[in-house]
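Asker: A single structure is presented below for examination.
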Amino acid sequence: MGIFQSKVVRHGKSYIIVGAGAFGASTALHLIRKYPSAKVYLVDRTPYPPEGAASWDWNKVIRADYTTLVYMNLALEALEKWTEDKLYQEFYHQSGLAWVADSEFYQSIINNYRQFHGSKHQVQLLSTQDVRNLWGGIHADAVYQDVKEVFYNKTGGWAEAANALRKVIDTAVREGVKYVEADVKKVLFDKDGSAIGVITEEGTPIHASHTVLATGAMTANILADSAPTEPKLQLGSRMIAAAICSAMVKLDEREASLFKTGPVFANDLDTVIGGSLPPNSDNQLKVYRDESFRNTVLHEASGQEISVPPSKPSYDQWDLSPGMKKEIRSSFEGIFGEKAKNWELFNYRICWDAVTPTQDPIICEHPHAKQLFLVTGGSFHGYKFLPIIGKYVVEMLDGTLKPELAKIWAWDKENNGEAHEGMFPTREMADV
């Protein structure tokens with residue numbers, strides 16, 4: 001760590017990226033590729049590979065199905081990388097994606113595809129009876145209520161999340177990024193209030209000309225620790241740490257061969273609120289529940305209440321309450337019906353992320369602290385952008401980001417009501 005005990009870099013480019021999740025890792029790789037001679041430090045609190053971030057998961061859904069055109073276009077750009085770039089393609093599985101939801105939601109997505117992307121992407125509405133019969137009938141007993149048609153996109157799928165992220169970090173390190181194991185305590189500022197780096201829990205300063213917080217669910221806590229007497233530096237209601245739960249089921253060879261033919265299956269009905277991903281190479285099928293919760297605590301130094309993950313190692317992500325397990329079981333049975341009742345769930349996990357009211361990330365320079373940049377707020381849909389998000393972060397750092405993106409990724413923005421209702425937390429972790 002002694003290499004960091006130096007004066008602030010005043011000339012040339014140097015970057016500290018705090019957080020090795022999807023946003024941080026992608027930023028590090030794109031930075032070192034654009035500026036090979038720059039000093040780029042990727043700092044994370046745990047030894048490599050770090051496993052606390054939302055991105056460190058067995059698998060993640062990859063889709064381009066958005067009602068908002070800007071995110072559809074970004075997701076399609078990312079999907080092209082997932083399918084064609086050698087760095088990512090070995091981790092992507094094009095299983096298709098089926099989605100049980102409101103018909104107006106479907107139609108908005110379909111209209112976007114038809115109007116702006118023609119017939120390139122294979123999107124259609126299937127009758128619920130067709131869905132019951134497809135893929136060997138694995139979703140024959142799912143909950144459909146009064147839904148008559150199910151959205152289906154053949155080009156959707158899932159990625160081996162941790163493996164892909166690990167390869168991005170390995171590639172970044174091989175190309176010149178320095179991976180640093182350190183628990184960042186707070187941001188350092190000069191006398192003018194500009195960020196000049198960070199200090200670790202051990203008291204070691206790390207200096208750079210650019211300080212980038214890709215800190216996800218820990219962002220509010222880091223800002224509060226960094227400037228407890230400066231309200232204008234705090235996140236406030238712009239973003240909140242939230243969590244959702246997932247679990248796995250181990251299938252036998254016969255079951256796995258059948259279920260591997262099926263799609264990612266999402267069900268937004270209020271009795272289900274979750275989804276599943278096809279089995280991985282270990283024949284483990286994942287189910288998740290899209291109903292979040294927060295963990296509100298008093299930050300004594302700043303006097304504000306903020307949501308933070310538990311302070312235990314790895315955010316205590318493997319310790320679920322009976323209520324959380326019951327909710328996952330409810331989603332599981334709503335997706336697979338009676339057959340799910342005979343399966344034993346395991347590998348329960350609490351997944352923390354930072355959620356904004358609009359589900360737009362915050363990717364900008366802090367308006368009240370020069371050279372402090374925020375790259376956070378994945379809102380449980382950010383992982384799919386792993387191949388490309390760093391490109392746009394570099395544009396933001398360089399001041400060349402398109403106004404359209406700069407507006408929706410700003411520190412302050414209009415709440416346009418785009419958030420998935422279950423994603424923004426309305427309940428406390430202790431009450432689940």
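As shown in the structure tokens, the chain order sets the letters A, B, ...; within each chain, residues go from 1, and ligands are also counted from 1 in the order they appear.
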Show me, as a PDB file with C-alpha atoms, in the first residue's frame, the residues that have an atom within 9 Å of His381 in chain A when counting only C-alpha atoms, minus same-chain residues fewer than 5 positions from it.
Answerer:
```
ATOM      1  CA  VAL A  61     -31.008 -11.863 -16.825  1.00  0.00           C
ATOM      2  CA  ILE A  62     -29.925 -10.263 -20.117  1.00  0.00           C
ATOM      3  CA  GLN A 359     -34.468   3.295 -11.919  1.00  0.00           C
TER       4      GLN A 359
END
```
Asker: As a list of chain:residue names, please: the residues near Phe259 in chain A (cut-off 8 Å, only C-alpha atoms, same-chain neighbours under 4 positions excluded).
Answerer: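 Result of the neighbour search: A:Trp135, A:Ile138, A:Glu255, A:Pro278, A:Pro279.
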Asker: Any idea what's packed within 9 Å of Gln371 in chain A, counting only C-alpha atoms, ignoring anything in its chain fewer than 2 positions away? Could you give it as an mmCIF file with N, CA, C and O atoms, in the first residue's frame?
Answerer:
```cif
data_model
loop_
_atom_site.group_PDB
_atom_site.id
_atom_site.type_symbol
_atom_site.label_atom_id
_atom_site.label_comp_id
_atom_site.auth_asym_id
_atom_site.auth_seq_id
_atom_site.Cartn_x
_atom_site.Cartn_y
_atom_site.Cartn_z
ATOM 1 N N SER A 194 -12.711 20.005 -3.383
ATOM 2 C CA SER A 194 -12.582 19.067 -4.499
ATOM 3 C C SER A 194 -12.055 17.732 -3.996
ATOM 4 O O SER A 194 -11.220 17.677 -3.075
ATOM 5 N N ALA A 195 -12.516 16.646 -4.585
ATOM 6 C CA ALA A 195 -12.052 15.320 -4.196
ATOM 7 C C ALA A 195 -10.627 15.102 -4.671
ATOM 8 O O ALA A 195 -10.286 15.426 -5.814
ATOM 9 N N ILE A 196 -9.803 14.545 -3.807
ATOM 10 C CA ILE A 196 -8.411 14.266 -4.151
ATOM 11 C C ILE A 196 -8.046 12.805 -3.922
ATOM 12 O O ILE A 196 -6.886 12.421 -3.996
ATOM 13 N N SER A 209 -6.380 12.101 -9.471
ATOM 14 C CA SER A 209 -7.033 13.312 -9.987
ATOM 15 C C SER A 209 -8.533 13.126 -10.148
ATOM 16 O O SER A 209 -9.281 14.094 -10.185
ATOM 17 N N HIS A 210 -8.988 11.869 -10.256
ATOM 18 C CA HIS A 210 -10.403 11.559 -10.398
ATOM 19 C C HIS A 210 -10.796 10.491 -9.379
ATOM 20 O O HIS A 210 -10.157 9.434 -9.316
ATOM 21 N N THR A 211 -11.829 10.757 -8.604
ATOM 22 C CA THR A 211 -12.325 9.782 -7.636
ATOM 23 C C THR A 211 -13.724 9.348 -8.076
ATOM 24 O O THR A 211 -14.634 10.175 -8.171
ATOM 25 N N VAL A 212 -13.869 8.062 -8.349
ATOM 26 C CA VAL A 212 -15.117 7.516 -8.892
ATOM 27 C C VAL A 212 -15.720 6.556 -7.868
ATOM 28 O O VAL A 212 -15.086 5.562 -7.499
ATOM 29 N N GLU A 365 -20.641 13.895 -12.391
ATOM 30 C CA GLU A 365 -19.794 14.523 -11.384
ATOM 31 C C GLU A 365 -20.694 15.079 -10.293
ATOM 32 O O GLU A 365 -21.774 15.617 -10.565
ATOM 33 N N HIS A 366 -20.270 14.933 -9.059
ATOM 34 C CA HIS A 366 -21.063 15.486 -7.957
ATOM 35 C C HIS A 366 -21.121 17.006 -8.122
ATOM 36 O O HIS A 366 -20.088 17.657 -8.262
ATOM 37 N N ALA A 369 -18.983 18.833 -5.402
ATOM 38 C CA ALA A 369 -17.619 18.396 -5.098
ATOM 39 C C ALA A 369 -16.917 18.061 -6.409
ATOM 40 O O ALA A 369 -17.143 16.994 -6.991
ATOM 41 N N PHE A 373 -16.933 11.698 -8.716
ATOM 42 C CA PHE A 373 -17.862 11.201 -9.721
ATOM 43 C C PHE A 373 -18.641 10.010 -9.163
ATOM 44 O O PHE A 373 -18.069 9.139 -8.506
#
```
Asker: What residues in range 91-261 of chain A get the DSSP label helix (DSSP H, G or I)? Please answer as a ChimeraX atom specification.
Answerer: /A:91,103-117,128-133,135-137,161-174,216-226,231-233,236-238,253-259
Asker: Considering only C-alpha atoms, return as an mmCIF file with C-alpha atoms, in the first residue's frame whatever protein or nucleic-acid residues lie within 8 Å of Ala241 in chain A, sequence-local ones (same chain, fewer than 5 positions apart) excluded.
Answerer:
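Just written: result_22.cif:
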```cif
data_model
loop_
_atom_site.group_PDB
_atom_site.id
_atom_site.type_symbol
_atom_site.label_atom_id
_atom_site.label_comp_id
_atom_site.auth_asym_id
_atom_site.auth_seq_id
_atom_site.Cartn_x
_atom_site.Cartn_y
_atom_site.Cartn_z
ATOM 1 C CA GLY A 216 -23.740 0.660 -5.105
ATOM 2 C CA ALA A 217 -25.597 0.049 -1.862
ATOM 3 C CA MET A 218 -22.777 1.596 0.209
ATOM 4 C CA ALA A 220 -25.020 6.824 0.943
ATOM 5 C CA ARG A 294 -34.375 -1.535 2.989
ATOM 6 C CA ASN A 295 -32.303 -1.535 6.185
ATOM 7 C CA SER A 307 -30.413 2.470 4.365
ATOM 8 C CA VAL A 308 -27.285 0.320 4.388
ATOM 9 C CA PRO A 309 -26.516 -3.386 4.049
ATOM 10 C CA TRP A 352 -28.067 -5.588 -2.312
ATOM 11 C CA ASP A 353 -28.076 -2.791 -4.857
ATOM 12 C CA ALA A 354 -28.671 0.953 -5.016
ATOM 13 C CA VAL A 355 -32.113 1.908 -6.347
#
```
Asker: For Gly382 in chain A, list every protein, DNA or RNA residue within 12 Å, evaluated using only C-alpha atoms, and leave out those in the same chain fewer than 5 positions away; present the list as a VMD selection string.
Answerer: chain A and resid 21 to 24 26 53 to 55 60 to 64 71 74 to 75 78 161 216 353 to 356 359 to 362 375 to 377 387 to 390
Asker: CA of Leu235 in chain A and CA of Glu305 in chain A are how many Å apart?
Answerer: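 So the answer is 11.1 Å.
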Asker: Tell me which protein, DNA and RNA residues are within 7 Å of range 328-331 of chain A, counting only C-alpha atoms, leaving out same-chain ones fewer than 6 positions away, and put them as a PDB file with N, CA and C atoms, in the first residue's frame.
Answerer:
```
ATOM      1  N   SER A 246     -32.982 -14.348  -3.482  1.00  0.00           N
ATOM      2  CA  SER A 246     -32.983 -15.409  -4.483  1.00  0.00           C
ATOM      3  C   SER A 246     -32.627 -16.728  -3.815  1.00  0.00           C
ATOM      4  N   VAL A 272     -47.048 -13.388  -7.413  1.00  0.00           N
ATOM      5  CA  VAL A 272     -45.797 -14.071  -7.756  1.00  0.00           C
ATOM      6  C   VAL A 272     -44.595 -13.141  -7.576  1.00  0.00           C
ATOM      7  N   ILE A 273     -44.563 -12.058  -8.345  1.00  0.00           N
ATOM      8  CA  ILE A 273     -43.522 -11.012  -8.262  1.00  0.00           C
ATOM      9  C   ILE A 273     -42.121 -11.608  -8.269  1.00  0.00           C
ATOM     10  N   GLY A 274     -41.806 -12.349  -9.310  1.00  0.00           N
ATOM     11  CA  GLY A 274     -40.475 -12.937  -9.360  1.00  0.00           C
ATOM     12  C   GLY A 274     -40.186 -13.575 -10.692  1.00  0.00           C
ATOM     13  N   TYR A 288     -35.918 -15.947  -8.139  1.00  0.00           N
ATOM     14  CA  TYR A 288     -35.750 -14.690  -7.406  1.00  0.00           C
ATOM     15  C   TYR A 288     -37.108 -14.050  -7.169  1.00  0.00           C
ATOM     16  N   ARG A 289     -37.157 -13.164  -6.183  1.00  0.00           N
ATOM     17  CA  ARG A 289     -38.385 -12.415  -5.901  1.00  0.00           C
ATOM     18  C   ARG A 289     -38.107 -10.928  -6.054  1.00  0.00           C
TER      19      ARG A 289
END
```
Asker: Mind pulling up the distance from CA of Glu160 in chain A to CA of Asp57 in chain A?
Answerer: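 Spanning CA of Asp57 in chain A to CA of Glu160 in chain A is a straight-line distance of 8.0 Å.
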Asker: Contacts of Val150 in chain A at 8 Å or less, counting only C-alpha atoms, minus same-chain residues fewer than 3 places along, as a list in words?
Answerer: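 The residues that qualify are Ala98, Trp99, Val100, Ala101, Leu125, Leu126, Ser127, Thr128, Val131 and Val147 of chain A.
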Asker: Let's have the selection written as a short mmCIF file (atom, residue, chain, number, x, y, z; two decimals), in the first residue's frame, with C-alpha atoms.
Answerer:
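Output contents, as saved in result_22.cif:
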```
data_model
loop_
_atom_site.label_atom_id
_atom_site.label_comp_id
_atom_site.auth_asym_id
_atom_site.auth_seq_id
_atom_site.Cartn_x
_atom_site.Cartn_y
_atom_site.Cartn_z
CA ALA A 98 -41.06 -15.11 -21.32
CA TRP A 99 -42.79 -12.41 -19.29
CA VAL A 100 -46.20 -12.51 -17.62
CA ALA A 101 -47.36 -8.94 -17.05
CA LEU A 125 -47.19 -12.63 -27.84
CA LEU A 126 -47.99 -16.25 -27.01
CA SER A 127 -51.29 -17.44 -25.65
CA THR A 128 -51.13 -18.70 -22.09
CA VAL A 131 -46.90 -21.27 -22.91
CA VAL A 147 -53.62 -12.94 -18.40
#
```
Asker: Please report the interatomic distance between CA of Ser302 in chain A and CA of Glu201 in chain A in Å with one decimal.
Answerer: 18.6 Å
Asker: Restricting the calculation to only C-alpha atoms: of A:Ala25, A:Ala162, A:Leu31, A:Ala340, which residue gets closest to Glu395 in chain A?
Answerer: A:Leu31
Asker: So, counting only C-alpha atoms, which residue among A:Asn267, A:Ser281, A:Tyr88, A:Pro205 is closest to Glu253 in chain A?
Answerer: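 Result for the nearest residue to Glu253 in chain A: A:Ser281.
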Asker: At a cut-off of 12 Å, can you tabulate as a tab-separated table every residue of range 215-281 of chain A near range 404-411 of chain A together with its closest atom pair and the distance in Å to one decimal, using only C-alpha atoms and ordering rows by chain then number?
Answerer:
```
residue	atom	partner	partner_atom	distance
A:Lys232	CA	A:Trp411	CA	11.2
A:Leu233	CA	A:Trp411	CA	10.5
A:Gln234	CA	A:Trp411	CA	10.7
A:Leu235	CA	A:Trp411	CA	8.6
A:Gly236	CA	A:Trp411	CA	10.8
A:Ser237	CA	A:Trp411	CA	10.9
A:Arg238	CA	A:Trp411	CA	7.6
A:Met239	CA	A:Trp411	CA	9.8
```
Asker: Print the selection's residues with all heavy atoms to a file, as a PDB file, in the first residue's frame.
Answerer:
```
ATOM      1  N   LYS A 232     -25.462  19.124   1.520  1.00  0.00           N
ATOM      2  CA  LYS A 232     -25.561  19.178   0.064  1.00  0.00           C
ATOM      3  C   LYS A 232     -24.770  18.064  -0.628  1.00  0.00           C
ATOM      4  O   LYS A 232     -24.990  17.791  -1.819  1.00  0.00           O
ATOM      5  CB  LYS A 232     -25.092  20.536  -0.454  1.00  0.00           C
ATOM      6  CG  LYS A 232     -23.635  20.851  -0.168  1.00  0.00           C
ATOM      7  CD  LYS A 232     -23.287  22.259  -0.619  1.00  0.00           C
ATOM      8  CE  LYS A 232     -21.817  22.587  -0.331  1.00  0.00           C
ATOM      9  NZ  LYS A 232     -21.484  23.960  -0.766  1.00  0.00           N
ATOM     10  N   LEU A 233     -23.882  17.406   0.120  1.00  0.00           N
ATOM     11  CA  LEU A 233     -23.138  16.289  -0.458  1.00  0.00           C
ATOM     12  C   LEU A 233     -23.863  14.958  -0.306  1.00  0.00           C
ATOM     13  O   LEU A 233     -23.454  13.953  -0.894  1.00  0.00           O
ATOM     14  CB  LEU A 233     -21.740  16.185   0.172  1.00  0.00           C
ATOM     15  CG  LEU A 233     -20.604  16.837  -0.626  1.00  0.00           C
ATOM     16  CD1 LEU A 233     -20.792  18.347  -0.675  1.00  0.00           C
ATOM     17  CD2 LEU A 233     -19.252  16.484  -0.034  1.00  0.00           C
ATOM     18  N   GLN A 234     -24.930  14.922   0.485  1.00  0.00           N
ATOM     19  CA  GLN A 234     -25.598  13.670   0.795  1.00  0.00           C
ATOM     20  C   GLN A 234     -26.580  13.257  -0.310  1.00  0.00           C
ATOM     21  O   GLN A 234     -27.140  14.101  -1.020  1.00  0.00           O
ATOM     22  CB  GLN A 234     -26.333  13.782   2.125  1.00  0.00           C
ATOM     23  CG  GLN A 234     -25.475  14.309   3.276  1.00  0.00           C
ATOM     24  CD  GLN A 234     -24.190  13.520   3.467  1.00  0.00           C
ATOM     25  OE1 GLN A 234     -24.190  12.288   3.421  1.00  0.00           O
ATOM     26  NE2 GLN A 234     -23.082  14.226   3.689  1.00  0.00           N
ATOM     27  N   LEU A 235     -26.818  11.960  -0.403  1.00  0.00           N
ATOM     28  CA  LEU A 235     -27.731  11.437  -1.413  1.00  0.00           C
ATOM     29  C   LEU A 235     -29.175  11.817  -1.154  1.00  0.00           C
ATOM     30  O   LEU A 235     -29.945  12.026  -2.091  1.00  0.00           O
ATOM     31  CB  LEU A 235     -27.629   9.903  -1.472  1.00  0.00           C
ATOM     32  CG  LEU A 235     -26.524   9.315  -2.351  1.00  0.00           C
ATOM     33  CD1 LEU A 235     -26.509   7.811  -2.187  1.00  0.00           C
ATOM     34  CD2 LEU A 235     -26.739   9.677  -3.809  1.00  0.00           C
ATOM     35  N   GLY A 236     -29.573  11.877   0.103  1.00  0.00           N
ATOM     36  CA  GLY A 236     -30.961  12.163   0.421  1.00  0.00           C
ATOM     37  C   GLY A 236     -31.880  11.100  -0.170  1.00  0.00           C
ATOM     38  O   GLY A 236     -31.632   9.900  -0.043  1.00  0.00           O
ATOM     39  N   SER A 237     -32.923  11.532  -0.851  1.00  0.00           N
ATOM     40  CA  SER A 237     -33.891  10.595  -1.420  1.00  0.00           C
ATOM     41  C   SER A 237     -33.561  10.204  -2.858  1.00  0.00           C
ATOM     42  O   SER A 237     -34.355   9.537  -3.521  1.00  0.00           O
ATOM     43  CB  SER A 237     -35.293  11.211  -1.374  1.00  0.00           C
ATOM     44  OG  SER A 237     -35.326  12.418  -2.135  1.00  0.00           O
ATOM     45  N   ARG A 238     -32.398  10.626  -3.354  1.00  0.00           N
ATOM     46  CA  ARG A 238     -32.045  10.348  -4.746  1.00  0.00           C
ATOM     47  C   ARG A 238     -31.799   8.865  -5.004  1.00  0.00           C
ATOM     48  O   ARG A 238     -31.956   8.384  -6.128  1.00  0.00           O
ATOM     49  CB  ARG A 238     -30.798  11.142  -5.140  1.00  0.00           C
ATOM     50  CG  ARG A 238     -30.985  12.652  -5.108  1.00  0.00           C
ATOM     51  CD  ARG A 238     -29.682  13.372  -5.360  1.00  0.00           C
ATOM     52  NE  ARG A 238     -29.860  14.812  -5.297  1.00  0.00           N
ATOM     53  CZ  ARG A 238     -29.786  15.524  -4.159  1.00  0.00           C
ATOM     54  NH1 ARG A 238     -29.535  14.898  -3.006  1.00  0.00           N
ATOM     55  NH2 ARG A 238     -29.963  16.821  -4.180  1.00  0.00           N
ATOM     56  N   MET A 239     -31.384   8.140  -3.961  1.00  0.00           N
ATOM     57  CA  MET A 239     -31.030   6.740  -4.130  1.00  0.00           C
ATOM     58  C   MET A 239     -31.075   6.068  -2.770  1.00  0.00           C
ATOM     59  O   MET A 239     -30.793   6.695  -1.750  1.00  0.00           O
ATOM     60  CB  MET A 239     -29.631   6.625  -4.746  1.00  0.00           C
ATOM     61  CG  MET A 239     -29.232   5.250  -5.206  1.00  0.00           C
ATOM     62  SD  MET A 239     -27.700   5.309  -6.186  1.00  0.00           S
ATOM     63  CE  MET A 239     -26.517   5.800  -4.931  1.00  0.00           C
TER      64      MET A 239
END
```
Asker: Which residue out of A:Leu87, A:Ile335, A:Val123, A:Val187 has the minimum interatomic distance to Ala140 in chain A when only C-alpha atoms are used?
Answerer: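 Looking only at the distances to Ala140 in chain A, the closest residue turns out to be A:Ile335.
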Asker: Out of A:Val70, A:Val177, A:Leu269, A:Ala182, which residue has the shortest atom-to-atom distance to Ala142 in chain A when counting only C-alpha atoms?
Answerer: A:Leu269
Asker: Which one is closest to Phe336 in chain A: A:Asp141, A:Asp183, A:Asp85, A:Asp65? Count only C-alpha atoms.
Answerer: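 Nearest to Phe336 in chain A: A:Asp141.
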Asker: Between A:Arg114, A:Lys339, A:Lys154, A:His368, which one has atoms that come closest to Leu97 in chain A, using only C-alpha atoms?
Answerer: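 Smallest distance to Leu97 in chain A is found for A:Lys154.
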